[in-house]
Every structure is written in structure tokens, then in C-alpha cells.
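Undergrad: Just dropping this structure here.
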Amino acid sequence: MAETICKILEEADHCVKCGLCLPHCPTYRLYRNENESPRGRIALAEALLRGQLQPESGLRGHIDRCLLCRACEIHCPSGVAYTRIIDSARGALGPPGGLAGQIDNPLFSAAGRLARGLHLPGRLGRLARALPGGEPPGKGSHPPPGPSRGRIGLLLGCATRQQQGGALSATITLLNRLGYAVEIPPGQGCCGALAMHQGDITTASAQEAANREAFDGLETMVSIASACSLQLTERLPELRPRDIMSFLAGVLPDSGLRLKAPDGPMAVHLPCSLHNGLGASEDLIRLLEVLPGSAPTLLGKPGNCCGAGGTHLLSQREQAERLRAPLLEQLLQLRPRYLLTENIGCALHLAEGALAQGLKVEVLHPVELLARLAIFDNVCQALQ
């Protein structure tokens, strides 16, 4: 543990407190408080890990309000690994109490589907029914209709499994029709991001170990949530994880798959985990541009956090809603038929806001729209 803290403190020393990150930090822009800035939080984390500050509520508040959007990291001239520093500080503080500290909370468990079916009122009810949902696919093998090009593992995730079962099924449909066998190992679990970013390192490590064993032996694995894809890329690189949109961008354009035009305008939101973390926004845009008709309109600035921030849509509600407000204003002006976003937290947060505004927009994972518009007649022949 001491060796780990020494490495984190050494990383923190790379921050020269230049302030070039400040204009890009959503919480600093919101509060204009140095304690809510990347360099301010690094100074607090250093003091905590050196034992110079006690883990009292004020310090925890500043550390917990960080969205881990990584906008500071991609603009840092010194390449400071800010996320590692904040994760370590949260590990020293320990998991928060209350709803935010419960990994198995109502949105990430079967209770979320129950809440959707009961049409509960209020914000939690809107969150529960904000997305199309659908039953998640069963675990085991899902073979293609013809010869197999390879075996791909699919991570079901936690919130994704409960709130985007239809998107997971659409992923299997597309991959099968592109010639891939899809394996859903029974021993898999959460990617570990929720636990790690809440300071529960023990749970995160156990979840990583379970996934390492479950997906061992497969050629690659894919995730449909960009935050999960980022976590897997950084923590389990030996499994050769891929984000689904990056994987499809490499195989779909030359597959012979024909696509119908969407039946209305599209807006696309590029999550910070996709843009700042994975650097894969171009893959998503390139895929959507193969659709006939008009190109999608960008919602907000790429990688500019919508406020969802993992469980922040629950634990930091006021902050999350303030950061979301400009995006909802743009949606009200655009009034698109579809809003596409690749991260489950962003999808829930934006869809709940749209419901509260009475805005009729279908919030989908991009893979759901691609599967809906796909014409599969000549795909297998083109792949042979």
C-alpha cells in the first residue's frame, strides 16, 4: 500500500499547477472554486495521502464532485494521470454512504425493471422508464447463421443489462449477421468502474478477477457502454477489449450491409468516456455517416460532460442537472427524432431530462438504430 501511495504522489508531483486545465473542467466552470478544479483536487489528494488532511466531509465533497470526465487529462501539457490520483484519494476515503455508495442500487438491478413496469412517479420513475429497455440476451453461445469469422465475448454490464437489454440484443444481431459468434460467459460481472470510482477498490478488484476468468480464451471482447470499454481497456488489456462502435467501424463499412435511411433527424451525444478517455468519437461518427440521408447533429461539445458522471446523476443531482441544462436547451431547439449516445449513464440522464421537459425524442444506443435500419439480405454473401 505504501509503495502504491508513493507512486501516486510521484504522479501528482508532475502537476505544475499551471491552470491550463481550468477552462476545460466542468466543475470549475460551474463553481469558480479552486477546490473544484483539477489542480485543486490534486493538492487535496496529495495532502490526504501524506496525512496532512483528515478525511472530513468538506474534503470528501470536493473529491466526490469530480466527474472524472478526463477533459483535464487530454489538455494537460505534463500528461498527469489525474484519474489515477483521484481514484487513489477516493480509495483512501472509502466508499460513500447512502444510495450513491450502493453498487446494486435501483437503476443497476432488477428493481429498475420493476420500477419501469409499475410506472412509478417522480424522477426515479422517469429514470426507470427513460430508455426502451428490453430483455437482456441469455448467457451462452450465440452463433452466426453461416460460417464464423471468430468468437467475440460480450460484456452485459450492470446498468446496461437492466436498462438497455434491447441494445445488447441488437449488438448480437449485428455481430451474428457480420459473421461473428457471440459468447456471453456466465461468470462475468460489472466492469469494476462504479466500484473503483467510488473508492471501493476491493470490490473493483474482485469484479476484474471474475471478468478475467470469464473471458479468458476468447479472441476479443466488446462492451456497448463507453465507460465500461474504457475501464476494460485500462484494467484488463490482456483480454483485448474493444468498444462496440470501434469494432463495428472496422468491419461494417466493407461488409456489404445495406442500411435504410432513418425516419427523422438524429442528434448524437459524444460521452466524455468515449471522446476524452478512449479517443474514439470518430469511430461513432464514421459509422453514423454511412446511414443514408442527413448527417447527425452534435449535441453539445464532444467530451464535455453531461453531468451523469457514473452515479453522479443520483449522488450529485443539482450539479448533474445544471451541467445537463444546456444540452436540454439544445434538444428543445433541435427536436430530433432520435438522440444517440453510447454510454448508459449519459443515456439515462439525458432521457430523464427529456421526459421531464415533455420532449418526444427516442434515446437509443447507436447500435440499436443500426440494427433497426439494417437490411441483411446480402451480408453473408459479401463476407464469404
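We name chains A, B, ... following the order of the C-alpha cells; residues begin at 1 in each chain, and ligands are numbered from 1 as shown.
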Need to verify the contact set: range 274-279 of chain A, 9 Å, only C-alpha atoms, exclusion of same-chain residues closer than 2 positions in sequence. Can you return it as a list in words?
TA: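 Once the nearby chain positions are removed, what remains is Cys69, Arg70, Ala71, Cys72, Glu73, Ile74, Ala225, Ser226, Ala227, Ser229, Leu230, Thr233, Asp243, Leu270, Pro271, Cys272, Ser281, Glu282, Pro302, Gly303, Asn304, Glu342 and Asn343 of chain A.
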Undergrad: Store the residues of this selection in a file with N, CA and C atoms, as a PDB file, in the first residue's frame.
TA:
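Just written: out24.pdb:
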```pdb
ATOM      1  N   CYS A  69     -14.283  13.188 -15.904  1.00  0.00           N
ATOM      2  CA  CYS A  69     -14.560  13.303 -17.336  1.00  0.00           C
ATOM      3  C   CYS A  69     -13.289  13.272 -18.178  1.00  0.00           C
ATOM      4  N   ARG A  70     -12.128  13.487 -17.535  1.00  0.00           N
ATOM      5  CA  ARG A  70     -10.805  13.420 -18.173  1.00  0.00           C
ATOM      6  C   ARG A  70     -10.541  14.550 -19.155  1.00  0.00           C
ATOM      7  N   ALA A  71     -11.367  15.578 -19.145  1.00  0.00           N
ATOM      8  CA  ALA A  71     -11.079  16.723 -20.004  1.00  0.00           C
ATOM      9  C   ALA A  71      -9.750  17.358 -19.616  1.00  0.00           C
ATOM     10  N   CYS A  72      -9.450  17.354 -18.322  1.00  0.00           N
ATOM     11  CA  CYS A  72      -8.166  17.927 -17.881  1.00  0.00           C
ATOM     12  C   CYS A  72      -6.996  17.101 -18.402  1.00  0.00           C
ATOM     13  N   GLU A  73      -7.161  15.784 -18.442  1.00  0.00           N
ATOM     14  CA  GLU A  73      -6.060  14.911 -18.870  1.00  0.00           C
ATOM     15  C   GLU A  73      -5.671  15.148 -20.321  1.00  0.00           C
ATOM     16  N   ILE A  74      -6.661  15.309 -21.196  1.00  0.00           N
ATOM     17  CA  ILE A  74      -6.316  15.449 -22.616  1.00  0.00           C
ATOM     18  C   ILE A  74      -5.772  16.838 -22.937  1.00  0.00           C
ATOM     19  N   ALA A 225     -21.064  -0.008 -23.586  1.00  0.00           N
ATOM     20  CA  ALA A 225     -21.029   1.236 -22.804  1.00  0.00           C
ATOM     21  C   ALA A 225     -19.613   1.780 -22.840  1.00  0.00           C
ATOM     22  N   SER A 226     -19.456   3.016 -23.287  1.00  0.00           N
ATOM     23  CA  SER A 226     -18.104   3.543 -23.470  1.00  0.00           C
ATOM     24  C   SER A 226     -17.326   3.621 -22.159  1.00  0.00           C
ATOM     25  N   ALA A 227     -18.009   3.882 -21.031  1.00  0.00           N
ATOM     26  CA  ALA A 227     -17.303   3.927 -19.748  1.00  0.00           C
ATOM     27  C   ALA A 227     -16.775   2.546 -19.374  1.00  0.00           C
ATOM     28  N   SER A 229     -16.039   0.210 -21.594  1.00  0.00           N
ATOM     29  CA  SER A 229     -14.955  -0.044 -22.555  1.00  0.00           C
ATOM     30  C   SER A 229     -13.659   0.584 -22.082  1.00  0.00           C
ATOM     31  N   LEU A 230     -13.752   1.790 -21.544  1.00  0.00           N
ATOM     32  CA  LEU A 230     -12.561   2.482 -21.043  1.00  0.00           C
ATOM     33  C   LEU A 230     -11.966   1.751 -19.851  1.00  0.00           C
ATOM     34  N   THR A 233     -10.293  -1.439 -21.059  1.00  0.00           N
ATOM     35  CA  THR A 233      -9.068  -1.146 -21.807  1.00  0.00           C
ATOM     36  C   THR A 233      -7.906  -0.857 -20.874  1.00  0.00           C
ATOM     37  N   ASP A 243     -14.345  -1.340 -27.752  1.00  0.00           N
ATOM     38  CA  ASP A 243     -15.655  -0.690 -27.704  1.00  0.00           C
ATOM     39  C   ASP A 243     -16.427  -1.119 -28.940  1.00  0.00           C
ATOM     40  N   LEU A 270     -21.614  12.717 -27.707  1.00  0.00           N
ATOM     41  CA  LEU A 270     -20.342  12.008 -27.603  1.00  0.00           C
ATOM     42  C   LEU A 270     -19.876  12.052 -26.148  1.00  0.00           C
ATOM     43  N   PRO A 271     -20.044  10.953 -25.407  1.00  0.00           N
ATOM     44  CA  PRO A 271     -19.700  10.948 -23.979  1.00  0.00           C
ATOM     45  C   PRO A 271     -18.224  11.238 -23.729  1.00  0.00           C
ATOM     46  N   CYS A 272     -17.935  11.744 -22.539  1.00  0.00           N
ATOM     47  CA  CYS A 272     -16.539  12.047 -22.212  1.00  0.00           C
ATOM     48  C   CYS A 272     -15.701  10.772 -22.154  1.00  0.00           C
ATOM     49  N   SER A 281     -14.315   8.999 -30.708  1.00  0.00           N
ATOM     50  CA  SER A 281     -15.511   9.673 -31.231  1.00  0.00           C
ATOM     51  C   SER A 281     -15.630   9.533 -32.741  1.00  0.00           C
ATOM     52  N   GLU A 282     -14.485   9.559 -33.428  1.00  0.00           N
ATOM     53  CA  GLU A 282     -14.517   9.479 -34.891  1.00  0.00           C
ATOM     54  C   GLU A 282     -15.089   8.147 -35.370  1.00  0.00           C
ATOM     55  N   PRO A 302     -18.066  17.783 -28.041  1.00  0.00           N
ATOM     56  CA  PRO A 302     -17.565  16.422 -27.786  1.00  0.00           C
ATOM     57  C   PRO A 302     -16.744  16.343 -26.505  1.00  0.00           C
ATOM     58  N   GLY A 303     -17.096  15.376 -25.657  1.00  0.00           N
ATOM     59  CA  GLY A 303     -16.344  15.168 -24.432  1.00  0.00           C
ATOM     60  C   GLY A 303     -16.634  16.148 -23.320  1.00  0.00           C
ATOM     61  N   ASN A 304     -17.622  17.032 -23.523  1.00  0.00           N
ATOM     62  CA  ASN A 304     -17.997  17.994 -22.485  1.00  0.00           C
ATOM     63  C   ASN A 304     -19.076  17.349 -21.625  1.00  0.00           C
ATOM     64  N   GLU A 342     -23.653   6.711 -26.478  1.00  0.00           N
ATOM     65  CA  GLU A 342     -23.097   5.368 -26.316  1.00  0.00           C
ATOM     66  C   GLU A 342     -22.842   4.967 -24.875  1.00  0.00           C
ATOM     67  N   ASN A 343     -23.110   5.841 -23.933  1.00  0.00           N
ATOM     68  CA  ASN A 343     -22.859   5.472 -22.543  1.00  0.00           C
ATOM     69  C   ASN A 343     -24.168   5.427 -21.759  1.00  0.00           C
TER      70      ASN A 343
END
```
Undergrad: Using only C-alpha atoms, which residues sit within 7 Å of range 325-333 of chain A once same-chain residues fewer than 2 positions away are excluded, as a list in words?
TA: Leu299, Gly300, Glu321, Arg322, Leu323, Arg335, Gly353 and Ala354 of chain A
Undergrad: With a distance cut-off of 6 Å and only C-alpha atoms, select the neighbouring residues of range 149-154 of chain A, excluding the residue or stretch itself and same-chain residues fewer than 3 positions from it, and output the selection as a JSON list (two decimals) with all heavy atoms, in the first residue's frame.
TA:
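And here is the file that came out, selection_6.json:
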```json
[["chain", "number", "residue", "atom", "x", "y", "z"],
["A", 179, "GLY", "N", -21.05, -12.21, -39.27],
["A", 179, "GLY", "CA", -20.29, -13.46, -39.30],
["A", 179, "GLY", "C", -19.59, -13.84, -38.01],
["A", 179, "GLY", "O", -18.79, -14.77, -38.00],
["A", 180, "TYR", "N", -19.89, -13.18, -36.91],
["A", 180, "TYR", "CA", -19.19, -13.47, -35.65],
["A", 180, "TYR", "C", -20.08, -14.24, -34.69],
["A", 180, "TYR", "O", -21.27, -13.94, -34.55],
["A", 180, "TYR", "CB", -18.75, -12.17, -34.99],
["A", 180, "TYR", "CG", -17.67, -11.44, -35.75],
["A", 180, "TYR", "CD1", -18.01, -10.42, -36.64],
["A", 180, "TYR", "CD2", -16.33, -11.79, -35.62],
["A", 180, "TYR", "CE1", -17.04, -9.75, -37.36],
["A", 180, "TYR", "CE2", -15.35, -11.12, -36.34],
["A", 180, "TYR", "CZ", -15.72, -10.11, -37.21],
["A", 180, "TYR", "OH", -14.75, -9.46, -37.93],
["A", 181, "ALA", "N", -19.49, -15.23, -34.04],
["A", 181, "ALA", "CA", -20.16, -15.91, -32.93],
["A", 181, "ALA", "C", -19.98, -15.05, -31.69],
["A", 181, "ALA", "O", -18.89, -14.54, -31.42],
["A", 181, "ALA", "CB", -19.55, -17.29, -32.71],
["A", 182, "VAL", "N", -21.05, -14.88, -30.93],
["A", 182, "VAL", "CA", -21.00, -14.05, -29.72],
["A", 182, "VAL", "C", -21.14, -14.95, -28.51],
["A", 182, "VAL", "O", -22.06, -15.76, -28.41],
["A", 182, "VAL", "CB", -22.12, -13.00, -29.73],
["A", 182, "VAL", "CG1", -22.08, -12.18, -28.44],
["A", 182, "VAL", "CG2", -21.99, -12.08, -30.95],
["A", 183, "GLU", "N", -20.19, -14.82, -27.60],
["A", 183, "GLU", "CA", -20.19, -15.60, -26.37],
["A", 183, "GLU", "C", -20.50, -14.67, -25.20],
["A", 183, "GLU", "O", -19.90, -13.61, -25.05],
["A", 183, "GLU", "CB", -18.82, -16.26, -26.15],
["A", 183, "GLU", "CG", -18.36, -17.15, -27.28],
["A", 183, "GLU", "CD", -19.15, -18.44, -27.38],
["A", 183, "GLU", "OE1", -19.76, -18.82, -26.35],
["A", 183, "GLU", "OE2", -19.14, -19.08, -28.45],
["A", 184, "ILE", "N", -21.44, -15.10, -24.35],
["A", 184, "ILE", "CA", -21.76, -14.36, -23.13],
["A", 184, "ILE", "C", -21.42, -15.27, -21.95],
["A", 184, "ILE", "O", -22.23, -16.09, -21.53],
["A", 184, "ILE", "CB", -23.24, -13.93, -23.10],
["A", 184, "ILE", "CG1", -23.57, -13.09, -24.34],
["A", 184, "ILE", "CG2", -23.53, -13.14, -21.83],
["A", 184, "ILE", "CD1", -24.99, -12.59, -24.37],
["A", 220, "THR", "N", -11.37, -11.73, -28.52],
["A", 220, "THR", "CA", -11.54, -10.36, -28.05],
["A", 220, "THR", "C", -12.86, -10.29, -27.30],
["A", 220, "THR", "O", -13.64, -11.25, -27.27],
["A", 220, "THR", "CB", -11.54, -9.35, -29.22],
["A", 220, "THR", "OG1", -11.51, -8.02, -28.70],
["A", 220, "THR", "CG2", -12.76, -9.52, -30.11],
["A", 221, "MET", "N", -13.12, -9.16, -26.67],
["A", 221, "MET", "CA", -14.40, -8.93, -26.02],
["A", 221, "MET", "C", -14.85, -7.52, -26.35],
["A", 221, "MET", "O", -14.03, -6.64, -26.62],
["A", 221, "MET", "CB", -14.30, -9.12, -24.50],
["A", 221, "MET", "CG", -13.43, -8.08, -23.81],
["A", 221, "MET", "SD", -13.32, -8.30, -22.01],
["A", 221, "MET", "CE", -15.01, -8.04, -21.51],
["A", 222, "VAL", "N", -16.17, -7.29, -26.35],
["A", 222, "VAL", "CA", -16.69, -5.96, -26.63],
["A", 222, "VAL", "C", -17.63, -5.53, -25.51],
["A", 222, "VAL", "O", -18.23, -6.36, -24.83],
["A", 222, "VAL", "CB", -17.44, -5.89, -27.98],
["A", 222, "VAL", "CG1", -16.50, -6.15, -29.15],
["A", 222, "VAL", "CG2", -18.63, -6.83, -28.01]]
```
Undergrad: Using only C-alpha atoms, which protein or nucleic acid residues come within 6 Å of range 285-298 of chain A? Drop anything in the same chain fewer than 3 positions from it, and give the result as a ChimeraX atom specification.
TA: /A:249,261,266-268,282
Undergrad: Restrict the selected residues to N, CA and C atoms and save them as a PDB file, in the first residue's frame.
TA:
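As a result, selection33.pdb now contains:
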```pdb
ATOM      1  N   ALA A 249     -16.817  -0.095 -36.594  1.00  0.00           N
ATOM      2  CA  ALA A 249     -16.241   0.835 -37.574  1.00  0.00           C
ATOM      3  C   ALA A 249     -15.178   0.163 -38.422  1.00  0.00           C
ATOM      4  N   ALA A 261     -32.557   4.612 -44.625  1.00  0.00           N
ATOM      5  CA  ALA A 261     -32.460   5.957 -44.062  1.00  0.00           C
ATOM      6  C   ALA A 261     -33.303   6.038 -42.793  1.00  0.00           C
ATOM      7  N   MET A 266     -31.429  13.106 -36.544  1.00  0.00           N
ATOM      8  CA  MET A 266     -30.708  12.498 -35.433  1.00  0.00           C
ATOM      9  C   MET A 266     -29.820  13.540 -34.764  1.00  0.00           C
ATOM     10  N   ALA A 267     -29.741  13.474 -33.444  1.00  0.00           N
ATOM     11  CA  ALA A 267     -28.735  14.202 -32.679  1.00  0.00           C
ATOM     12  C   ALA A 267     -27.840  13.147 -32.030  1.00  0.00           C
ATOM     13  N   VAL A 268     -26.548  13.417 -31.956  1.00  0.00           N
ATOM     14  CA  VAL A 268     -25.621  12.455 -31.349  1.00  0.00           C
ATOM     15  C   VAL A 268     -24.837  13.138 -30.247  1.00  0.00           C
ATOM     16  N   GLU A 282     -14.485   9.559 -33.428  1.00  0.00           N
ATOM     17  CA  GLU A 282     -14.517   9.479 -34.891  1.00  0.00           C
ATOM     18  C   GLU A 282     -15.089   8.147 -35.370  1.00  0.00           C
TER      19      GLU A 282
END
```
Undergrad: If you run DSSP on the backbone here, which positions in range 131-294 of chain A get helix (DSSP H, G or I)? Please write them as a ChimeraX atom specification.
TA: /A:159-163,165-177,193-196,201-214,226-235,237-239,244-251,272-278,281-288
Undergrad: Contacts of Lys7 in chain A at 12 Å or less, counting only C-alpha atoms, minus same-chain residues fewer than 3 places along, as JSON, numbers by chain?
TA: {"A": [1, 2, 3, 4, 10, 11, 12, 13, 14, 46, 49, 81, 84, 85, 88]}
Undergrad: Pick the closest to Arg372 in chain A from A:Leu48, A:Leu59, A:Ala170, A:Leu124: which is it, counting only C-alpha atoms?
TA: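 Distance minimum relative to Arg372 in chain A lands on A:Ala170.
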Undergrad: Could you check which of A:Arg235, A:Lys260, A:Arg242, A:His62 is closest to Ala280 in chain A, using only C-alpha atoms?
TA: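 Among the listed residues, A:Arg242 lies closest to Ala280 in chain A.
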